[in-house]
Amino acid sequence: MKTERIVRTFVEFFEERGHHRITGSTLSPPSGDPVLFTTSGMHPLTPYLLGRPHPLGRRLVNVQRCLRTTDLEEVGDDTHLTVFEMLGSWSLGDYEGPQSLDWGHRLLTEGLGVDPSLLYVTVFAGDEQTGPDTDSLRLWEERGVPVELTVEDNWWSNGPVGPCGPDSEIFLWSGDTPPRSTPTRDDRWVEVWNHVMMRHRRLGDGSLVPLPQRSVDTGLGLERLACLLQGKSSVFDCDVFEPWRRLVPPLWPLDEPSLRVVLDHLRSSVVVVGDGVRPSNTGQGYVLRRLVRRVLTVLWRDEPSRTLGDVPDDLVRHTLDHFRQAVDPEEVRRVLLDEEGRFRRLMERGRHLLARPRFQGPLRDEDFRYLHDTHGLPRELVLNLREE
Ligand code: SER
């Protein structure tokens with residue numbers, strides 16, 4: 001099943017049940033939100049989860065692009081991407097968790113054809129502040145889906161303060177053998193869909209207060225589900241990466257782990273630039289800078305003459321179109337190439353400086369400080385240059 005069809009099936013399923021489709025926002029969260037980037041479909045909806053009436057009503061559905069910097073180091077495994085799309089559904093003070101879980105189960109098994117015996121779910125076991133989520137537990141028992149109870153893994157919050165609540169996560173078996181073990185003990189159980197019972201608000205002192213309305217916020221990772229439905233073993237093999245997999249290896253022959261980092265970070269960089277971010281030393285711009293520089297570090301390890309100027313125009317255009325970003329691909333290429341130029345000059349300056357007798361022995365903290373403060377060379381880069 002192609003990704004586009006998964007999106008259509010998801011959105012239509014919820015539209016048939018009275019949900020209005022809202023347009024996804026950019027990767028920049030609304031002002032006042034505590035995170036750097038939109039990390040979940042609920043970010044743009046925070047004010048409505050806190051109680052403000054939404055102009056389109058109490059039932060919503062959408063597709064939202066997200067970026068998780070916490071996953072930067074995980075990229076390269078089978079399931080993590082820095083930029084990914086999340087399908088989401090919301091009840092804003094309307095139906096409750098069990099209804100959402102029931103629809104989730106039906107959509108996965110009847111709408112998307114998932115074998116019910118390949119499902120496992122987790123449910124909040126309760127802690128000293130909040131009781132166990134018995135409503136979700138009952139629903140899953142009625143549907144005959146095996147349940148694992150956890151505490152920390154089944155509590156969702158957007159940040160240290162704000163709307164939060166117990167969640168129930170749906171996992172799909174990705175192994176070649178019949179399913180075994182449980183989601184927390186075997187990572188062949190892949191989390192695909194999270195249903196959060198948004199009932200609480202965490203305050204600055206750590207206490208919880210009830211929200212004025214009980215809502216449900218769900219998020220389903222599109223590429224992960226696509227990969228499983230398409231019988232692929234990694235998100236990099238699902239149809240989303242089709243043109244990337246076809247066009248990048250002839251350009252730069254790379255081993256699989258390096259190729260995954262390049263595909264993920266380059267595609268994410270295009271999307272981040274497409275949302276108006278420019279490389280800098282702080283905030284969103286710094287994340288972009290890290291993405292681009294990591295791509296270049298991988299590419300230059302084998303061949304220092306490689307350049308982002310060789311990235312086919314079609315790839316940039318395809319990615320911008322996929323994320324519905326009305327941006328000139330040339331502008332994106334120019335931003336990436338400017339950053340490449342800056343990084344190349346910085347590396348040259350670094351090599352030159354590190355050749356001085358003063359830096360021949362082991363580097364001390366004051367050397368790193370001097371190289372950073374006086375010459376703009378971050379510690380990570382100095383370490384890379386010393387390994388050359
Ligand atoms: N906010 C939840 C998550 O990101 C569900 O959308 O997992």
# chains A, B, ... in the order shown; residues from 1 in each chain; ligands from 1

$ closest_atom_pairs --of "chain A" --to "ligand 1" --cutoff "6 Å" --atoms "only C-alpha atoms and all ligand atoms" --output "Markdown table"
| residue | atom | partner | partner_atom_place_in_ligand_line | distance |
| --- | --- | --- | --- | --- |
| A:Ser40 | CA | ligand 1 | 4 (O) | 4.4 |
| A:Gly41 | CA | ligand 1 | 6 (O) | 5.6 |
| A:Met42 | CA | ligand 1 | 1 (N) | 5.5 |
| A:Asn194 | CA | ligand 1 | 5 (C) | 5.0 |
| A:His195 | CA | ligand 1 | 5 (C) | 5.7 |
| A:Val196 | CA | ligand 1 | 5 (C) | 5.7 |
| A:Asp217 | CA | ligand 1 | 6 (O) | 5.2 |
| A:Thr218 | CA | ligand 1 | 6 (O) | 4.0 |
| A:Gly219 | CA | ligand 1 | 6 (O) | 3.3 |

$ write_last_selection --atoms "N, CA, C and O atoms" --output "tab-separated table (two decimals), in the first residue's frame"
chain	number	residue	atom	x	y	z
A	40	SER	N	5.20	16.87	17.07
A	40	SER	CA	4.02	16.01	17.09
A	40	SER	C	2.86	16.78	16.49
A	40	SER	O	2.84	18.03	16.52
A	41	GLY	N	1.87	16.04	15.96
A	41	GLY	CA	0.73	16.70	15.31
A	41	GLY	C	-0.06	17.59	16.26
A	41	GLY	O	-0.80	18.48	15.83
A	42	MET	N	0.11	17.38	17.58
A	42	MET	CA	-0.71	18.16	18.51
A	42	MET	C	-0.19	19.57	18.77
A	42	MET	O	-0.92	20.41	19.30
A	194	ASN	N	-0.04	6.19	18.67
A	194	ASN	CA	-0.16	6.55	20.07
A	194	ASN	C	-1.48	7.29	20.30
A	194	ASN	O	-1.77	8.25	19.58
A	195	HIS	N	-2.25	6.84	21.29
A	195	HIS	CA	-3.51	7.53	21.64
A	195	HIS	C	-3.34	8.12	23.04
A	195	HIS	O	-3.18	7.37	24.00
A	196	VAL	N	-3.35	9.45	23.12
A	196	VAL	CA	-3.13	10.10	24.42
A	196	VAL	C	-4.46	10.59	24.98
A	196	VAL	O	-5.20	11.29	24.29
A	217	ASP	N	-5.79	12.78	21.83
A	217	ASP	CA	-4.83	13.21	20.80
A	217	ASP	C	-4.14	11.96	20.29
A	217	ASP	O	-3.53	11.25	21.07
A	218	THR	N	-4.28	11.68	18.99
A	218	THR	CA	-3.59	10.48	18.50
A	218	THR	C	-2.59	10.84	17.41
A	218	THR	O	-2.78	11.80	16.67
A	219	GLY	N	-1.52	10.06	17.34
A	219	GLY	CA	-0.51	10.30	16.31
A	219	GLY	C	0.03	8.98	15.79
A	219	GLY	O	0.42	8.10	16.57

$ residues_around --residues "A:Glu141" --least-positions-apart "2" --cutoff "12 Å" --atoms "only C-alpha atoms" --output "PyMOL selection string"
chain A and resi 98+101-102+120-123+134-139+143-148

$ residues_around --residues "A:His265" --least-positions-apart "2" --cutoff "9 Å" --atoms "only C-alpha atoms" --output "list in words"
Leu72, Val75, Leu81, Thr82, Val83, Arg260, Val261, Val262, Leu263, Arg267, Ser268, Ser269, Val270, Leu288, Leu291, Val292, Arg294 and Val295 of chain A

$ select_by_dssp --residues "stretch 195-328 of chain A" --states "helix (DSSP H, G or I)" --output "NGL selection string"
:A and (222-229 or 235-237 or 239-251 or 256-274 or 283-302 or 308-310 or 313-322)

$ residues_around --residues "stretch 366-373 of chain A" --least-positions-apart "4" --cutoff "10 Å" --atoms "only C-alpha atoms" --output "PyMOL selection string"
chain A and resi 350+353-354+358-359+362+377-383

$ write_last_selection --atoms "all heavy atoms" --output "mmCIF file, in the first residue's frame"
data_model
loop_
_atom_site.group_PDB
_atom_site.id
_atom_site.type_symbol
_atom_site.label_atom_id
_atom_site.label_comp_id
_atom_site.auth_asym_id
_atom_site.auth_seq_id
_atom_site.Cartn_x
_atom_site.Cartn_y
_atom_site.Cartn_z
ATOM 1 N N GLY A 350 40.737 25.093 10.214
ATOM 2 C CA GLY A 350 41.007 24.173 11.314
ATOM 3 C C GLY A 350 42.254 23.343 11.049
ATOM 4 O O GLY A 350 43.117 23.210 11.926
ATOM 5 N N LEU A 353 45.312 25.464 11.504
ATOM 6 C CA LEU A 353 45.612 25.766 12.908
ATOM 7 C C LEU A 353 46.141 24.550 13.656
ATOM 8 O O LEU A 353 47.107 24.643 14.418
ATOM 9 C CB LEU A 353 44.323 26.209 13.612
ATOM 10 C CG LEU A 353 43.956 27.661 13.459
ATOM 11 C CD1 LEU A 353 42.482 27.869 13.791
ATOM 12 C CD2 LEU A 353 44.817 28.485 14.407
ATOM 13 N N LEU A 354 45.521 23.402 13.408
ATOM 14 C CA LEU A 354 45.907 22.196 14.146
ATOM 15 C C LEU A 354 47.293 21.694 13.744
ATOM 16 O O LEU A 354 47.874 20.873 14.440
ATOM 17 C CB LEU A 354 44.860 21.093 13.965
ATOM 18 C CG LEU A 354 43.533 21.366 14.682
ATOM 19 C CD1 LEU A 354 42.503 20.296 14.349
ATOM 20 C CD2 LEU A 354 43.720 21.438 16.185
ATOM 21 N N ARG A 358 51.895 23.875 18.749
ATOM 22 C CA ARG A 358 51.162 23.950 20.018
ATOM 23 C C ARG A 358 50.084 22.860 20.143
ATOM 24 O O ARG A 358 49.746 22.440 21.247
ATOM 25 C CB ARG A 358 50.516 25.345 20.084
ATOM 26 C CG ARG A 358 49.469 25.466 21.139
ATOM 27 C CD ARG A 358 48.886 26.833 21.223
ATOM 28 N NE ARG A 358 47.780 26.785 22.173
ATOM 29 C CZ ARG A 358 46.985 27.784 22.438
ATOM 30 N NH1 ARG A 358 47.174 28.948 21.845
ATOM 31 N NH2 ARG A 358 46.010 27.660 23.310
ATOM 32 N N PHE A 359 49.526 22.418 18.994
ATOM 33 C CA PHE A 359 48.414 21.463 19.046
ATOM 34 C C PHE A 359 48.829 20.039 18.693
ATOM 35 O O PHE A 359 47.976 19.219 18.386
ATOM 36 C CB PHE A 359 47.284 21.934 18.110
ATOM 37 C CG PHE A 359 46.754 23.290 18.463
ATOM 38 C CD1 PHE A 359 46.836 24.348 17.555
ATOM 39 C CD2 PHE A 359 46.194 23.526 19.708
ATOM 40 C CE1 PHE A 359 46.368 25.599 17.883
ATOM 41 C CE2 PHE A 359 45.725 24.781 20.046
ATOM 42 C CZ PHE A 359 45.818 25.825 19.144
ATOM 43 N N PRO A 362 48.356 15.979 23.184
ATOM 44 C CA PRO A 362 46.938 15.878 23.573
ATOM 45 C C PRO A 362 46.347 17.272 23.806
ATOM 46 O O PRO A 362 47.032 18.139 24.361
ATOM 47 C CB PRO A 362 46.988 15.079 24.882
ATOM 48 C CG PRO A 362 48.378 14.557 25.009
ATOM 49 C CD PRO A 362 49.270 15.366 24.134
ATOM 50 N N LEU A 377 35.903 27.112 15.980
ATOM 51 C CA LEU A 377 35.973 25.673 15.682
ATOM 52 C C LEU A 377 35.360 24.864 16.824
ATOM 53 O O LEU A 377 35.956 24.769 17.898
ATOM 54 C CB LEU A 377 37.427 25.226 15.516
ATOM 55 C CG LEU A 377 38.163 25.766 14.302
ATOM 56 C CD1 LEU A 377 39.649 25.450 14.403
ATOM 57 C CD2 LEU A 377 37.603 25.164 13.027
ATOM 58 N N PRO A 378 34.187 24.269 16.623
ATOM 59 C CA PRO A 378 33.587 23.492 17.697
ATOM 60 C C PRO A 378 34.420 22.255 18.026
ATOM 61 O O PRO A 378 35.129 21.728 17.162
ATOM 62 C CB PRO A 378 32.219 23.068 17.142
ATOM 63 C CG PRO A 378 32.053 23.755 15.847
ATOM 64 C CD PRO A 378 33.377 24.280 15.418
ATOM 65 N N ARG A 379 34.297 21.818 19.263
ATOM 66 C CA ARG A 379 35.056 20.664 19.759
ATOM 67 C C ARG A 379 34.910 19.434 18.852
ATOM 68 O O ARG A 379 35.881 18.781 18.490
ATOM 69 C CB ARG A 379 34.517 20.345 21.168
ATOM 70 C CG ARG A 379 35.316 19.345 21.922
ATOM 71 C CD ARG A 379 34.629 19.057 23.255
ATOM 72 N NE ARG A 379 35.458 18.185 24.039
ATOM 73 C CZ ARG A 379 36.231 18.580 25.051
ATOM 74 N NH1 ARG A 379 36.231 19.845 25.418
ATOM 75 N NH2 ARG A 379 36.979 17.720 25.699
ATOM 76 N N GLU A 380 33.637 19.179 18.441
ATOM 77 C CA GLU A 380 33.361 17.998 17.617
ATOM 78 C C GLU A 380 34.168 18.046 16.312
ATOM 79 O O GLU A 380 34.741 17.054 15.867
ATOM 80 C CB GLU A 380 31.858 18.006 17.316
ATOM 81 C CG GLU A 380 31.310 16.691 16.872
ATOM 82 C CD GLU A 380 29.849 16.842 16.423
ATOM 83 O OE1 GLU A 380 29.187 17.837 16.786
ATOM 84 O OE2 GLU A 380 29.404 15.949 15.683
ATOM 85 N N LEU A 381 34.238 19.264 15.741
ATOM 86 C CA LEU A 381 34.952 19.421 14.476
ATOM 87 C C LEU A 381 36.459 19.239 14.673
ATOM 88 O O LEU A 381 37.147 18.606 13.866
ATOM 89 C CB LEU A 381 34.645 20.821 13.937
ATOM 90 C CG LEU A 381 35.125 21.056 12.539
ATOM 91 C CD1 LEU A 381 33.936 21.037 11.611
ATOM 92 C CD2 LEU A 381 35.820 22.385 12.437
ATOM 93 N N VAL A 382 36.964 19.768 15.784
ATOM 94 C CA VAL A 382 38.400 19.626 16.075
ATOM 95 C C VAL A 382 38.723 18.132 16.204
ATOM 96 O O VAL A 382 39.711 17.647 15.646
ATOM 97 C CB VAL A 382 38.751 20.379 17.370
ATOM 98 C CG1 VAL A 382 40.189 20.073 17.813
ATOM 99 C CG2 VAL A 382 38.541 21.871 17.200
ATOM 100 N N LEU A 383 37.839 17.399 16.902
ATOM 101 C CA LEU A 383 38.084 15.969 17.083
ATOM 102 C C LEU A 383 38.068 15.254 15.723
ATOM 103 O O LEU A 383 38.896 14.404 15.451
ATOM 104 C CB LEU A 383 37.055 15.372 18.037
ATOM 105 C CG LEU A 383 37.170 15.877 19.482
ATOM 106 C CD1 LEU A 383 36.016 15.373 20.346
ATOM 107 C CD2 LEU A 383 38.515 15.446 20.100
#

$ atom_distance --atom1 "atom CA of A:Glu191" --atom2 "atom CA of A:Leu119"
9.9 Å

$ closest_atom_pairs --of "stretch 183-268 of chain A" --to "stretch 302-320 of chain A" --cutoff "10 Å" --atoms "only C-alpha atoms" --output "JSON lines"
{"residue": "A:Val240", "atom": "CA", "partner": "A:Thr319", "partner_atom": "CA", "distance": 9.3}
{"residue": "A:Phe241", "atom": "CA", "partner": "A:Thr319", "partner_atom": "CA", "distance": 9.7}
{"residue": "A:Pro243", "atom": "CA", "partner": "A:Leu315", "partner_atom": "CA", "distance": 6.8}
{"residue": "A:Trp244", "atom": "CA", "partner": "A:Leu315", "partner_atom": "CA", "distance": 6.8}
{"residue": "A:Leu247", "atom": "CA", "partner": "A:Pro312", "partner_atom": "CA", "distance": 7.6}
{"residue": "A:Val248", "atom": "CA", "partner": "A:Val311", "partner_atom": "CA", "distance": 7.8}
{"residue": "A:Leu251", "atom": "CA", "partner": "A:Asp310", "partner_atom": "CA", "distance": 7.7}
{"residue": "A:Trp252", "atom": "CA", "partner": "A:Arg306", "partner_atom": "CA", "distance": 7.9}
{"residue": "A:Pro253", "atom": "CA", "partner": "A:Asp302", "partner_atom": "CA", "distance": 9.4}
{"residue": "A:Leu254", "atom": "CA", "partner": "A:Asp302", "partner_atom": "CA", "distance": 8.7}
{"residue": "A:Leu266", "atom": "CA", "partner": "A:Leu308", "partner_atom": "CA", "distance": 9.2}
{"residue": "A:Arg267", "atom": "CA", "partner": "A:Thr319", "partner_atom": "CA", "distance": 7.1}
{"residue": "A:Ser268", "atom": "CA", "partner": "A:Thr319", "partner_atom": "CA", "distance": 9.2}

$ write_last_selection --atoms "N, CA, C and O atoms" --output "PDB file, in the first residue's frame"
ATOM      1  N   VAL A 240       8.441   6.438   0.270  1.00  0.00           N
ATOM      2  CA  VAL A 240       8.811   7.837   0.496  1.00  0.00           C
ATOM      3  C   VAL A 240      10.248   8.105   0.028  1.00  0.00           C
ATOM      4  O   VAL A 240      10.574   9.177  -0.473  1.00  0.00           O
ATOM      5  N   PHE A 241      11.115   7.113   0.179  1.00  0.00           N
ATOM      6  CA  PHE A 241      12.527   7.314  -0.160  1.00  0.00           C
ATOM      7  C   PHE A 241      12.863   6.853  -1.576  1.00  0.00           C
ATOM      8  O   PHE A 241      14.034   6.842  -1.948  1.00  0.00           O
ATOM      9  N   PRO A 243      12.731   8.035  -4.771  1.00  0.00           N
ATOM     10  CA  PRO A 243      13.673   8.754  -5.646  1.00  0.00           C
ATOM     11  C   PRO A 243      15.036   8.948  -5.005  1.00  0.00           C
ATOM     12  O   PRO A 243      16.056   8.981  -5.695  1.00  0.00           O
ATOM     13  N   TRP A 244      15.089   9.049  -3.699  1.00  0.00           N
ATOM     14  CA  TRP A 244      16.370   9.243  -2.996  1.00  0.00           C
ATOM     15  C   TRP A 244      17.259   8.021  -3.163  1.00  0.00           C
ATOM     16  O   TRP A 244      18.433   8.131  -3.471  1.00  0.00           O
ATOM     17  N   LEU A 247      18.474   7.916  -6.842  1.00  0.00           N
ATOM     18  CA  LEU A 247      19.352   8.951  -7.400  1.00  0.00           C
ATOM     19  C   LEU A 247      20.634   9.201  -6.595  1.00  0.00           C
ATOM     20  O   LEU A 247      21.625   9.664  -7.160  1.00  0.00           O
ATOM     21  N   VAL A 248      20.618   8.908  -5.288  1.00  0.00           N
ATOM     22  CA  VAL A 248      21.816   9.247  -4.494  1.00  0.00           C
ATOM     23  C   VAL A 248      22.979   8.245  -4.658  1.00  0.00           C
ATOM     24  O   VAL A 248      24.108   8.677  -4.894  1.00  0.00           O
ATOM     25  N   LEU A 251      25.424   8.762  -7.421  1.00  0.00           N
ATOM     26  CA  LEU A 251      26.154  10.011  -7.236  1.00  0.00           C
ATOM     27  C   LEU A 251      27.309   9.830  -6.244  1.00  0.00           C
ATOM     28  O   LEU A 251      28.443  10.253  -6.493  1.00  0.00           O
ATOM     29  N   TRP A 252      26.967   9.207  -5.115  1.00  0.00           N
ATOM     30  CA  TRP A 252      27.956   8.996  -4.052  1.00  0.00           C
ATOM     31  C   TRP A 252      27.827   7.554  -3.555  1.00  0.00           C
ATOM     32  O   TRP A 252      26.953   7.258  -2.737  1.00  0.00           O
ATOM     33  N   PRO A 253      28.700   6.647  -3.990  1.00  0.00           N
ATOM     34  CA  PRO A 253      28.621   5.278  -3.455  1.00  0.00           C
ATOM     35  C   PRO A 253      28.960   5.281  -1.958  1.00  0.00           C
ATOM     36  O   PRO A 253      30.024   5.773  -1.579  1.00  0.00           O
ATOM     37  N   LEU A 254      28.037   4.787  -1.127  1.00  0.00           N
ATOM     38  CA  LEU A 254      28.218   4.825   0.342  1.00  0.00           C
ATOM     39  C   LEU A 254      27.786   3.491   0.925  1.00  0.00           C
ATOM     40  O   LEU A 254      26.923   2.823   0.348  1.00  0.00           O
ATOM     41  N   LEU A 266      19.807  14.932   4.565  1.00  0.00           N
ATOM     42  CA  LEU A 266      19.685  15.812   3.406  1.00  0.00           C
ATOM     43  C   LEU A 266      18.218  16.119   3.124  1.00  0.00           C
ATOM     44  O   LEU A 266      17.830  17.262   2.888  1.00  0.00           O
ATOM     45  N   ARG A 267      17.402  15.078   3.196  1.00  0.00           N
ATOM     46  CA  ARG A 267      15.973  15.284   2.966  1.00  0.00           C
ATOM     47  C   ARG A 267      15.411  16.212   4.056  1.00  0.00           C
ATOM     48  O   ARG A 267      14.674  17.149   3.769  1.00  0.00           O
ATOM     49  N   SER A 268      15.808  15.988   5.311  1.00  0.00           N
ATOM     50  CA  SER A 268      15.330  16.855   6.401  1.00  0.00           C
ATOM     51  C   SER A 268      15.807  18.285   6.186  1.00  0.00           C
ATOM     52  O   SER A 268      15.055  19.240   6.425  1.00  0.00           O
TER      53      SER A 268
END

$ atom_distance --atom1 "atom CA of A:Pro163" --atom2 "atom CA of A:Gly104"
21.9 Å

$ atom_distance --atom1 "atom CA of A:Val192" --atom2 "atom CA of A:Cys66"
14.9 Å

$ residues_around --residues "A:Asp275" --least-positions-apart "4" --cutoff "10 Å" --atoms "only C-alpha atoms" --output "JSON, numbers by chain"
{"A": [25, 26, 27, 28, 269, 270, 271, 320, 323, 325, 326, 327]}

$ residues_around --residues "A:Val151" --least-positions-apart "5" --cutoff "8 Å" --atoms "only C-alpha atoms" --output "list in words"
Phe124, Ala125, Gly126 and Asp127 of chain A

$ closest_residue --among "A:Glu331, A:Asp78, A:Glu169, A:Asp239" --to "A:Leu149" --atoms "only C-alpha atoms"
A:Glu169

$ closest_residue --among "A:Trp155, A:Phe10, A:Phe343, A:Trp300" --to "A:Pro279" --atoms "only C-alpha atoms"
A:Phe343
